[in-house]
Structures are given as C-alpha cells and as structure tokens.
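Trainee: target_18.cif (mmCIF, C-alpha atoms) pasted underneath:
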```cif
data_final
#
loop_
_atom_site.group_PDB
_atom_site.id
_atom_site.type_symbol
_atom_site.label_atom_id
_atom_site.label_comp_id
_atom_site.auth_asym_id
_atom_site.auth_seq_id
_atom_site.Cartn_x
_atom_site.Cartn_y
_atom_site.Cartn_z
ATOM 1 C CA MET A 1 32.214 25.410 -7.515
ATOM 2 C CA SER A 2 34.036 23.564 -4.735
ATOM 3 C CA THR A 3 33.555 19.855 -4.130
ATOM 4 C CA THR A 4 32.598 20.595 -0.535
ATOM 5 C CA ALA A 5 29.783 22.922 -1.574
ATOM 6 C CA LEU A 6 28.561 20.420 -4.166
ATOM 7 C CA LEU A 7 28.517 17.558 -1.667
ATOM 8 C CA SER A 8 26.851 19.753 0.950
ATOM 9 C CA PHE A 9 24.058 20.695 -1.429
ATOM 10 C CA THR A 10 23.630 17.054 -2.470
ATOM 11 C CA PHE A 11 23.234 16.049 1.167
ATOM 12 C CA VAL A 12 20.688 18.813 1.830
ATOM 13 C CA ALA A 13 18.788 17.908 -1.351
ATOM 14 C CA LEU A 14 18.753 14.243 -0.310
ATOM 15 C CA LEU A 15 17.274 15.157 3.058
ATOM 16 C CA THR A 16 14.537 17.265 1.476
ATOM 17 C CA VAL A 17 13.583 14.433 -0.895
ATOM 18 C CA VAL A 18 13.530 11.494 1.537
ATOM 19 C CA THR A 19 11.863 13.392 4.401
ATOM 20 C CA PRO A 20 8.175 12.354 4.297
ATOM 21 C CA GLY A 21 5.860 15.089 3.118
ATOM 22 C CA LEU A 22 3.015 15.808 0.744
ATOM 23 C CA GLU A 23 4.796 14.404 -2.317
ATOM 24 C CA THR A 24 5.624 11.171 -0.478
ATOM 25 C CA LEU A 25 1.998 10.841 0.634
ATOM 26 C CA LEU A 26 0.676 11.283 -2.897
ATOM 27 C CA VAL A 27 3.162 8.815 -4.375
ATOM 28 C CA LEU A 28 2.547 6.161 -1.726
ATOM 29 C CA ARG A 29 -1.221 6.569 -1.865
ATOM 30 C CA THR A 30 -1.205 6.169 -5.635
ATOM 31 C CA ALA A 31 1.208 3.226 -5.557
ATOM 32 C CA LEU A 32 -0.815 1.360 -2.943
ATOM 33 C CA LEU A 33 -4.325 2.052 -4.195
ATOM 34 C CA VAL A 34 -3.832 2.342 -7.950
ATOM 35 C CA GLY A 35 -0.523 0.953 -9.143
ATOM 36 C CA ARG A 36 3.067 1.554 -10.169
ATOM 37 C CA ARG A 37 2.409 3.332 -13.495
ATOM 38 C CA ALA A 38 0.066 5.890 -11.969
ATOM 39 C CA ALA A 39 2.471 6.478 -9.067
ATOM 40 C CA MET A 40 5.297 7.128 -11.529
ATOM 41 C CA GLY A 41 2.950 9.538 -13.300
ATOM 42 C CA VAL A 42 2.606 11.476 -10.036
ATOM 43 C CA VAL A 43 6.416 11.521 -9.720
ATOM 44 C CA VAL A 44 6.819 12.831 -13.272
ATOM 45 C CA GLY A 45 4.205 15.540 -12.690
ATOM 46 C CA SER A 46 5.751 16.572 -9.395
ATOM 47 C CA THR A 47 9.204 16.695 -11.002
ATOM 48 C CA LEU A 48 7.869 18.917 -13.780
ATOM 49 C CA GLY A 49 6.349 21.188 -11.140
ATOM 50 C CA CYS A 50 9.706 21.410 -9.357
ATOM 51 C CA LEU A 51 11.372 22.181 -12.683
ATOM 52 C CA VAL A 52 8.965 25.072 -13.253
ATOM 53 C CA TRP A 53 9.622 26.445 -9.761
ATOM 54 C CA ALA A 54 13.381 25.983 -10.176
ATOM 55 C CA THR A 55 13.388 27.791 -13.513
ATOM 56 C CA ALA A 56 11.344 30.608 -12.021
ATOM 57 C CA GLY A 57 13.778 30.750 -9.109
ATOM 58 C CA LEU A 58 16.822 30.941 -11.370
ATOM 59 C CA VAL A 59 15.355 33.857 -13.333
ATOM 60 C CA GLY A 60 14.166 35.585 -10.168
ATOM 61 C CA LEU A 61 10.404 35.228 -10.611
ATOM 62 C CA THR A 62 9.855 33.413 -7.325
ATOM 63 C CA ALA A 63 11.298 36.445 -5.549
ATOM 64 C CA LEU A 64 7.740 37.731 -5.892
ATOM 65 C CA LEU A 65 6.644 35.106 -3.365
ATOM 66 C CA GLN A 66 9.009 36.588 -0.806
ATOM 67 C CA ALA A 67 8.404 40.204 -1.764
ATOM 68 C CA SER A 68 4.614 39.983 -2.005
ATOM 69 C CA GLU A 69 2.583 38.500 0.817
ATOM 70 C CA LEU A 70 -0.500 38.629 -1.414
ATOM 71 C CA ALA A 71 1.155 36.570 -4.174
ATOM 72 C CA TYR A 72 2.337 34.007 -1.636
ATOM 73 C CA ASP A 73 -1.091 33.762 -0.013
ATOM 74 C CA ILE A 74 -2.888 33.372 -3.355
ATOM 75 C CA VAL A 75 -0.713 30.394 -4.314
ATOM 76 C CA ARG A 76 -0.998 28.979 -0.796
ATOM 77 C CA TRP A 77 -4.791 29.179 -0.713
ATOM 78 C CA LEU A 78 -5.137 27.690 -4.183
ATOM 79 C CA GLY A 79 -2.888 24.818 -3.139
ATOM 80 C CA ALA A 80 -4.829 24.261 0.069
ATOM 81 C CA ALA A 81 -8.133 24.229 -1.829
ATOM 82 C CA TYR A 82 -6.783 21.714 -4.341
ATOM 83 C CA LEU A 83 -5.535 19.352 -1.617
ATOM 84 C CA ILE A 84 -8.837 19.538 0.252
ATOM 85 C CA TYR A 85 -10.639 18.842 -3.039
ATOM 86 C CA LEU A 86 -8.488 15.749 -3.691
ATOM 87 C CA GLY A 87 -9.059 14.459 -0.167
ATOM 88 C CA ALA A 88 -12.810 15.156 -0.180
ATOM 89 C CA LYS A 89 -13.175 13.481 -3.576
ATOM 90 C CA ALA A 90 -11.356 10.390 -2.330
ATOM 91 C CA LEU A 91 -13.489 10.256 0.826
ATOM 92 C CA TRP A 92 -16.661 10.524 -1.252
ATOM 93 C CA THR A 93 -15.509 7.716 -3.535
ATOM 94 C CA SER A 94 -14.660 5.489 -0.563
ATOM 95 C CA ARG A 95 -18.303 5.550 0.618
ATOM 96 C CA ARG A 96 -19.159 2.804 -1.883
ATOM 97 C CA PRO A 97 -18.603 -0.716 -0.522
ATOM 98 C CA VAL A 98 -15.676 -2.453 -2.211
ATOM 99 C CA GLU A 99 -15.167 -6.179 -2.582
ATOM 100 C CA MET A 100 -11.706 -7.498 -1.708
ATOM 101 C CA ASP A 101 -11.104 -8.837 -5.197
ATOM 102 C CA GLU A 102 -12.583 -5.844 -7.007
ATOM 103 C CA PRO A 103 -9.904 -3.946 -8.931
ATOM 104 C CA ALA A 104 -9.279 -0.349 -7.966
ATOM 105 C CA PRO A 105 -10.271 2.305 -10.498
ATOM 106 C CA VAL A 106 -7.242 3.076 -12.633
ATOM 107 C CA PRO A 107 -6.859 6.714 -13.708
ATOM 108 C CA SER A 108 -4.874 7.466 -16.823
ATOM 109 C CA VAL A 109 -1.181 8.195 -16.483
ATOM 110 C CA ARG A 110 -1.943 11.665 -17.840
ATOM 111 C CA ALA A 111 -4.356 12.252 -14.947
ATOM 112 C CA ALA A 112 -1.711 11.113 -12.456
ATOM 113 C CA VAL A 113 0.854 13.461 -14.018
ATOM 114 C CA ARG A 114 -1.669 16.290 -13.768
ATOM 115 C CA VAL A 115 -2.250 15.620 -10.059
ATOM 116 C CA GLY A 116 1.486 15.658 -9.339
ATOM 117 C CA LEU A 117 2.034 18.788 -11.421
ATOM 118 C CA LEU A 118 -0.839 20.815 -9.983
ATOM 119 C CA THR A 119 -0.095 19.773 -6.413
ATOM 120 C CA ASN A 120 3.463 21.044 -6.793
ATOM 121 C CA LEU A 121 2.681 24.185 -8.778
ATOM 122 C CA LEU A 122 0.031 25.243 -6.258
ATOM 123 C CA ASN A 123 2.453 24.867 -3.354
ATOM 124 C CA PRO A 124 4.594 27.994 -2.846
ATOM 125 C CA LYS A 125 7.143 26.201 -0.677
ATOM 126 C CA PRO A 126 9.175 24.698 -3.560
ATOM 127 C CA GLY A 127 9.588 28.189 -5.001
ATOM 128 C CA VAL A 128 10.735 29.584 -1.676
ATOM 129 C CA PHE A 129 13.014 26.541 -1.277
ATOM 130 C CA TYR A 130 14.801 27.196 -4.545
ATOM 131 C CA ILE A 131 15.156 30.932 -4.113
ATOM 132 C CA SER A 132 16.401 30.653 -0.524
ATOM 133 C CA LEU A 133 18.613 27.560 -0.853
ATOM 134 C CA LEU A 134 20.316 27.834 -4.242
ATOM 135 C CA PRO A 135 22.015 31.215 -3.633
ATOM 136 C CA GLN A 136 23.738 29.775 -0.557
ATOM 137 C CA PHE A 137 25.617 27.257 -2.713
ATOM 138 C CA LEU A 138 26.043 29.115 -6.009
ATOM 139 C CA PRO A 139 29.535 30.499 -6.661
ATOM 140 C CA VAL A 140 29.575 34.263 -7.118
ATOM 141 C CA GLY A 141 29.349 35.189 -10.782
ATOM 142 C CA GLN A 142 28.674 31.597 -11.919
ATOM 143 C CA PRO A 143 24.874 31.295 -12.206
ATOM 144 C CA ALA A 144 25.180 28.343 -14.614
ATOM 145 C CA TRP A 145 25.853 26.139 -11.617
ATOM 146 C CA GLY A 146 22.216 26.714 -10.642
ATOM 147 C CA ALA A 147 21.090 24.334 -13.391
ATOM 148 C CA VAL A 148 23.497 21.690 -12.069
ATOM 149 C CA LEU A 149 22.137 21.991 -8.533
ATOM 150 C CA VAL A 150 18.554 21.772 -9.773
ATOM 151 C CA ALA A 151 19.443 18.684 -11.805
ATOM 152 C CA ILE A 152 20.953 17.064 -8.700
ATOM 153 C CA HIS A 153 17.839 17.766 -6.653
ATOM 154 C CA LEU A 154 15.454 16.469 -9.312
ATOM 155 C CA GLY A 155 17.704 13.496 -10.078
ATOM 156 C CA ILE A 156 17.663 12.392 -6.437
ATOM 157 C CA GLY A 157 13.874 12.451 -6.512
ATOM 158 C CA LEU A 158 13.744 10.428 -9.724
ATOM 159 C CA LEU A 159 15.983 7.813 -8.096
ATOM 160 C CA TRP A 160 14.307 7.757 -4.686
ATOM 161 C CA PHE A 161 10.628 7.587 -5.587
ATOM 162 C CA PRO A 162 10.867 4.494 -7.849
ATOM 163 C CA ILE A 163 12.508 2.716 -4.894
ATOM 164 C CA LEU A 164 9.639 3.845 -2.665
ATOM 165 C CA ILE A 165 7.071 2.747 -5.270
ATOM 166 C CA THR A 166 8.699 -0.688 -5.586
ATOM 167 C CA ALA A 167 8.625 -1.138 -1.799
ATOM 168 C CA ALA A 168 4.970 -0.093 -1.712
ATOM 169 C CA GLY A 169 4.186 -2.560 -4.485
ATOM 170 C CA ARG A 170 5.429 -5.444 -2.358
ATOM 171 C CA ALA A 171 3.007 -4.507 0.405
ATOM 172 C CA ARG A 172 0.132 -3.675 -1.938
ATOM 173 C CA ALA A 173 -1.492 -7.121 -2.029
ATOM 174 C CA PHE A 174 -1.832 -7.179 1.757
ATOM 175 C CA LEU A 175 -2.885 -3.562 2.155
ATOM 176 C CA LEU A 176 -5.562 -3.767 -0.541
ATOM 177 C CA ARG A 177 -7.532 -5.987 1.826
ATOM 178 C CA GLN A 178 -7.955 -2.838 3.882
ATOM 179 C CA ARG A 179 -8.405 -0.598 0.850
ATOM 180 C CA VAL A 180 -11.353 1.400 2.133
ATOM 181 C CA LEU A 181 -9.594 2.158 5.431
ATOM 182 C CA LEU A 182 -6.351 3.021 3.647
ATOM 183 C CA ASP A 183 -8.232 5.185 1.153
ATOM 184 C CA ARG A 184 -9.995 7.109 3.885
ATOM 185 C CA LEU A 185 -6.879 7.559 6.006
ATOM 186 C CA SER A 186 -4.797 8.857 3.095
ATOM 187 C CA ALA A 187 -7.671 11.056 1.900
ATOM 188 C CA SER A 188 -7.972 12.514 5.398
ATOM 189 C CA ALA A 189 -4.222 13.144 5.371
ATOM 190 C CA LEU A 190 -4.584 15.105 2.108
ATOM 191 C CA ILE A 191 -7.286 17.249 3.677
ATOM 192 C CA ALA A 192 -5.070 17.754 6.734
ATOM 193 C CA PHE A 193 -2.206 18.856 4.480
ATOM 194 C CA GLY A 194 -4.591 21.260 2.760
ATOM 195 C CA LEU A 195 -5.780 22.736 6.066
ATOM 196 C CA LYS A 196 -2.183 23.021 7.280
ATOM 197 C CA THR A 197 -1.194 24.777 4.053
ATOM 198 C CA ALA A 198 -4.089 27.199 4.475
ATOM 199 C CA ALA A 199 -3.154 27.893 8.092
ATOM 200 C CA ASP A 200 0.614 28.186 7.611
ATOM 201 C CA ALA A 201 2.069 31.601 8.184
ATOM 202 C CA ARG A 202 4.579 33.033 5.711
#
```
Hey, can you dump this file as structure tokens for me?
Mentor:
Amino acid sequence: MSTTALLSFTFVALLTVVTPGLETLLVLRTALLVGRRAAMGVVVGSTLGCLVWATAGLVGLTALLQASELAYDIVRWLGAAYLIYLGAKALWTSRRPVEMDEPAPVPSVRAAVRVGLLTNLLNPKPGVFYISLLPQFLPVGQPAWGAVLVAIHLGIGLLWFPILITAAGRARAFLLRQRVLLDRLSASALIAFGLKTAADAR
C-alpha cells in the first residue's frame, strides 16, 4: 500500500472522527452530566460497535445493507427507536427538580459501554461507511491492509475522544449549574437524531 493512500485514508478517517455527530453528542453529554469514567465507557462501547461493523464489512456482510433496502431500513428504524427512547428517558428524568449541589446519578461503566455499543450497532451508517470507503484505499489483492485501515480509524477515535472528555471535564463544574437545561437540550438532540435517522433516505 502506498504512503499516499495511507495518509489519504488517515486524513479522511480523522475528518469522520472529529466532525460532530451522534457519537460526539453522546460522549459530551455523558462527560458533562455524569463524568469521565462513564464517558470513556461510551467511547469503548462505540469503538466495539465500529469494530463489529468493520469486521462485517471486511467479510462482506454489510453488503447486505446496500443490496437490501429492507435490511437497511430495519437497522435504521431500530436505531431511531433506540435514540428516541434514550432522549425521552432523559427528558422524563429531568422533570424532577435538582439542587445545584446534588450529585448526578452515576450509571455503571457497563451501562455506559452498552449505550455506546447499541447506539453504534443500531446505526447502519458505520457499516455503509466501511464497505464504501475501505475498498477505495485497499490495494488490489491485499485485503490484509483492511485491518490496518480499521485500526487507524479506531485508533484516531480512541485518541480524540479522551481529549474531548478532558476538555468537557474542565467546563463541567460551571455547566452543572445549568444541569436541567443541559440535560433537556441534549436529550432533545438525541430525539432529533432519532427522528432524522428514521426520516433519512437510503
């Protein structure tokens, strides 16, 4: 594989990771309202979800998402329902008045990992991303390079999100004074992502 192709893929992967999206929203929301450990749990879960999609892409399973509109829509609707559920649950929880010095409920790291994993697995776009992007950079007859490209993409995420979580942690003390507003805004954003996912065309 040429150095140019490798650097080009790294640049594209960097752009996909740092561009704000659903994963960034989940990580920031968790970092601001819960804490660093739970936010890292979301990152780990999301990374595992990407790894599943990448593996499926390398063996050709995600081709089903492109070949079958029904398969794509099933995953898309499940993902939309899950996001709307997360947002509605957070909005319901935010109804209760919260004192400024009252600690936020802390879910287990396992629960945070599960949220990151399910959110990613129930989103068909990572699968389409891997099956449409990787072949453009893979050398002909050298499929082993696929694992290297996947590792680069996941590695960038594992480097970027801890930086984002650390930055959010510095602002957390101030933002927690507006915790209810922040909770409701981020919960509404989750619901909006869910509705957008449901409405997105193939």
Trainee: Determine the residue membership of the PyMOL selection byres ((chain A and resi 110) around 12) for the file above and supply it as number ranges by chain.
Mentor: A: 37-45, 106-109, 111-117
Trainee: Fewer than 3 positions away in the same chain doesn't count, so skip those; otherwise give me all residues within 12 Å of Leu6 (chain A), counting only C-alpha atoms, as a list in words.
Mentor: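 The neighbour list is Met1, Ser2, Thr3, Phe9, Thr10, Phe11, Val12, Ala13, Leu134, Gln136, Phe137, Leu138, Pro139, Trp145, Gly146, Val148, Leu149, Val150, Ile152 and His153 of chain A.
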Trainee: For those residues, write C-alpha atoms to a file as a compact mmCIF listing (two decimals), in the frame of the given file.
Mentor:
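Resulting contents of out.txt:
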```
# COMPACT_ATOMS: atom_id res chain seq x y z
CA MET A 1 32.21 25.41 -7.52
CA SER A 2 34.04 23.56 -4.74
CA THR A 3 33.56 19.86 -4.13
CA PHE A 9 24.06 20.70 -1.43
CA THR A 10 23.63 17.05 -2.47
CA PHE A 11 23.23 16.05 1.17
CA VAL A 12 20.69 18.81 1.83
CA ALA A 13 18.79 17.91 -1.35
CA LEU A 134 20.32 27.83 -4.24
CA GLN A 136 23.74 29.78 -0.56
CA PHE A 137 25.62 27.26 -2.71
CA LEU A 138 26.04 29.12 -6.01
CA PRO A 139 29.54 30.50 -6.66
CA TRP A 145 25.85 26.14 -11.62
CA GLY A 146 22.22 26.71 -10.64
CA VAL A 148 23.50 21.69 -12.07
CA LEU A 149 22.14 21.99 -8.53
CA VAL A 150 18.55 21.77 -9.77
CA ILE A 152 20.95 17.06 -8.70
CA HIS A 153 17.84 17.77 -6.65
```
Trainee: Which is closer to Ala54 (chain A) than all the others in A:Leu195, A:Ala147, A:Leu122, A:Leu190, using all atoms listed in the file?
Mentor: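 Nearest candidate to Ala54 (chain A) out of A:Leu195, A:Ala147, A:Leu122, A:Leu190: A:Ala147.
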Trainee: Quick one: of A:Gly157, A:Pro20, A:Gly57, A:Gly49, who's nearest to Ser132 (chain A), counting all atoms listed in the file?
Mentor: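 For Ser132 (chain A), the nearest of the candidates is A:Gly57.
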Trainee: Can you find the residues with an atom no farther than 10 Å from (5.4, 3.2, -2.5), counting all atoms listed in the file, and report them as a ChimeraX atom specification?
Mentor: /A:24-33,35-36,39-40,161-172
Trainee: If I take CA of Ala189 (chain A) and CA of Ile84 (chain A), how far is one from the other in Å, to one decimal?
Mentor: 9.4 Å
Trainee: Quick one, how far is CA of Val52 (chain A) from CA of Gly155 (chain A)?
Mentor: 14.8 Å
Trainee: Could you spell out the hits of the PyMOL selection byres ((chain A and resi 127) around 9) on the shown file, as a PyMOL selection string?
Mentor: chain A and resi 50+52-54+56-57+62-63+65+121+123-126+128-132
Trainee: Find the distance between CA of Ala187 (chain A) and CA of Leu159 (chain A) and write it in Å to one decimal.
Mentor: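 Separation of CA of Ala187 (chain A) and CA of Leu159 (chain A): 25.9 Å.
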Trainee: Using all atoms listed in the file, which of A:Leu7, A:Ala144, A:Ile191, A:Ile156 sits nearest Thr55 (chain A)?
Mentor: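 Distance minimum relative to Thr55 (chain A) lands on A:Ala144.
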Trainee: Nearest residue to Tyr85 (chain A) out of A:Leu51, A:Ala199, A:Ala192, A:Leu22, using all atoms listed in the file?
Mentor: A:Ala192
Trainee: Of the candidates A:Leu48, A:Ala80, A:Thr197, A:Lys89, which shows the shortest atom-to-atom distance to Ala151 (chain A), using only C-alpha atoms?
Mentor: A:Leu48
Trainee: Add whatever atoms are absent from region 112-131 of chain A to reach N, CA, C and O atoms, and provide the output as an mmCIF file, in the frame of the given file.
Mentor:
```cif
data_model
loop_
_atom_site.group_PDB
_atom_site.id
_atom_site.type_symbol
_atom_site.label_atom_id
_atom_site.label_comp_id
_atom_site.auth_asym_id
_atom_site.auth_seq_id
_atom_site.Cartn_x
_atom_site.Cartn_y
_atom_site.Cartn_z
ATOM 1 N N ALA A 112 -2.650 11.185 -13.582
ATOM 2 C CA ALA A 112 -1.711 11.113 -12.456
ATOM 3 C C ALA A 112 -0.635 12.185 -12.572
ATOM 4 O O ALA A 112 -0.264 12.814 -11.579
ATOM 5 N N VAL A 113 -0.136 12.400 -13.792
ATOM 6 C CA VAL A 113 0.854 13.461 -14.018
ATOM 7 C C VAL A 113 0.245 14.816 -13.663
ATOM 8 O O VAL A 113 0.899 15.658 -13.025
ATOM 9 N N ARG A 114 -1.009 15.015 -14.049
ATOM 10 C CA ARG A 114 -1.669 16.290 -13.768
ATOM 11 C C ARG A 114 -1.802 16.527 -12.262
ATOM 12 O O ARG A 114 -1.580 17.649 -11.784
ATOM 13 N N VAL A 115 -2.140 15.481 -11.508
ATOM 14 C CA VAL A 115 -2.250 15.620 -10.059
ATOM 15 C C VAL A 115 -0.904 16.016 -9.453
ATOM 16 O O VAL A 115 -0.817 16.936 -8.628
ATOM 17 N N GLY A 116 0.163 15.320 -9.858
ATOM 18 C CA GLY A 116 1.486 15.658 -9.339
ATOM 19 C C GLY A 116 1.911 17.067 -9.703
ATOM 20 O O GLY A 116 2.466 17.798 -8.874
ATOM 21 N N LEU A 117 1.641 17.454 -10.944
ATOM 22 C CA LEU A 117 2.034 18.788 -11.421
ATOM 23 C C LEU A 117 1.286 19.883 -10.680
ATOM 24 O O LEU A 117 1.895 20.837 -10.166
ATOM 25 N N LEU A 118 -0.042 19.765 -10.619
ATOM 26 C CA LEU A 118 -0.839 20.815 -9.983
ATOM 27 C C LEU A 118 -0.550 20.908 -8.492
ATOM 28 O O LEU A 118 -0.486 22.011 -7.935
ATOM 29 N N THR A 119 -0.384 19.752 -7.850
ATOM 30 C CA THR A 119 -0.095 19.773 -6.413
ATOM 31 C C THR A 119 1.195 20.536 -6.136
ATOM 32 O O THR A 119 1.289 21.294 -5.158
ATOM 33 N N ASN A 120 2.187 20.366 -6.993
ATOM 34 C CA ASN A 120 3.463 21.044 -6.793
ATOM 35 C C ASN A 120 3.396 22.516 -7.193
ATOM 36 O O ASN A 120 3.924 23.384 -6.498
ATOM 37 N N LEU A 121 2.759 22.796 -8.319
ATOM 38 C CA LEU A 121 2.681 24.185 -8.778
ATOM 39 C C LEU A 121 1.879 25.058 -7.824
ATOM 40 O O LEU A 121 2.141 26.259 -7.705
ATOM 41 N N LEU A 122 0.877 24.469 -7.163
ATOM 42 C CA LEU A 122 0.031 25.243 -6.258
ATOM 43 C C LEU A 122 0.554 25.224 -4.821
ATOM 44 O O LEU A 122 -0.167 25.558 -3.892
ATOM 45 N N ASN A 123 1.793 24.845 -4.667
ATOM 46 C CA ASN A 123 2.453 24.867 -3.354
ATOM 47 C C ASN A 123 3.608 25.859 -3.432
ATOM 48 O O ASN A 123 4.579 25.629 -4.148
ATOM 49 N N PRO A 124 3.537 26.978 -2.722
ATOM 50 C CA PRO A 124 4.594 27.994 -2.846
ATOM 51 C C PRO A 124 5.916 27.592 -2.217
ATOM 52 O O PRO A 124 6.946 28.203 -2.494
ATOM 53 N N LYS A 125 5.925 26.552 -1.398
ATOM 54 C CA LYS A 125 7.143 26.201 -0.677
ATOM 55 C C LYS A 125 8.293 25.767 -1.579
ATOM 56 O O LYS A 125 9.448 26.101 -1.301
ATOM 57 N N PRO A 126 8.039 25.006 -2.677
ATOM 58 C CA PRO A 126 9.175 24.698 -3.560
ATOM 59 C C PRO A 126 9.833 25.948 -4.132
ATOM 60 O O PRO A 126 11.056 26.004 -4.267
ATOM 61 N N GLY A 127 9.023 26.953 -4.474
ATOM 62 C CA GLY A 127 9.588 28.189 -5.001
ATOM 63 C C GLY A 127 10.454 28.889 -3.971
ATOM 64 O O GLY A 127 11.568 29.352 -4.272
ATOM 65 N N VAL A 128 9.957 28.960 -2.744
ATOM 66 C CA VAL A 128 10.735 29.584 -1.676
ATOM 67 C C VAL A 128 11.990 28.754 -1.395
ATOM 68 O O VAL A 128 13.066 29.302 -1.119
ATOM 69 N N PHE A 129 11.871 27.426 -1.488
ATOM 70 C CA PHE A 129 13.014 26.541 -1.277
ATOM 71 C C PHE A 129 14.131 26.866 -2.267
ATOM 72 O O PHE A 129 15.289 27.033 -1.876
ATOM 73 N N TYR A 130 13.772 26.960 -3.539
ATOM 74 C CA TYR A 130 14.801 27.196 -4.545
ATOM 75 C C TYR A 130 15.422 28.587 -4.418
ATOM 76 O O TYR A 130 16.632 28.747 -4.569
ATOM 77 N N ILE A 131 14.605 29.580 -4.140
ATOM 78 C CA ILE A 131 15.156 30.932 -4.113
ATOM 79 C C ILE A 131 15.954 31.195 -2.836
ATOM 80 O O ILE A 131 16.831 32.062 -2.799
#
```
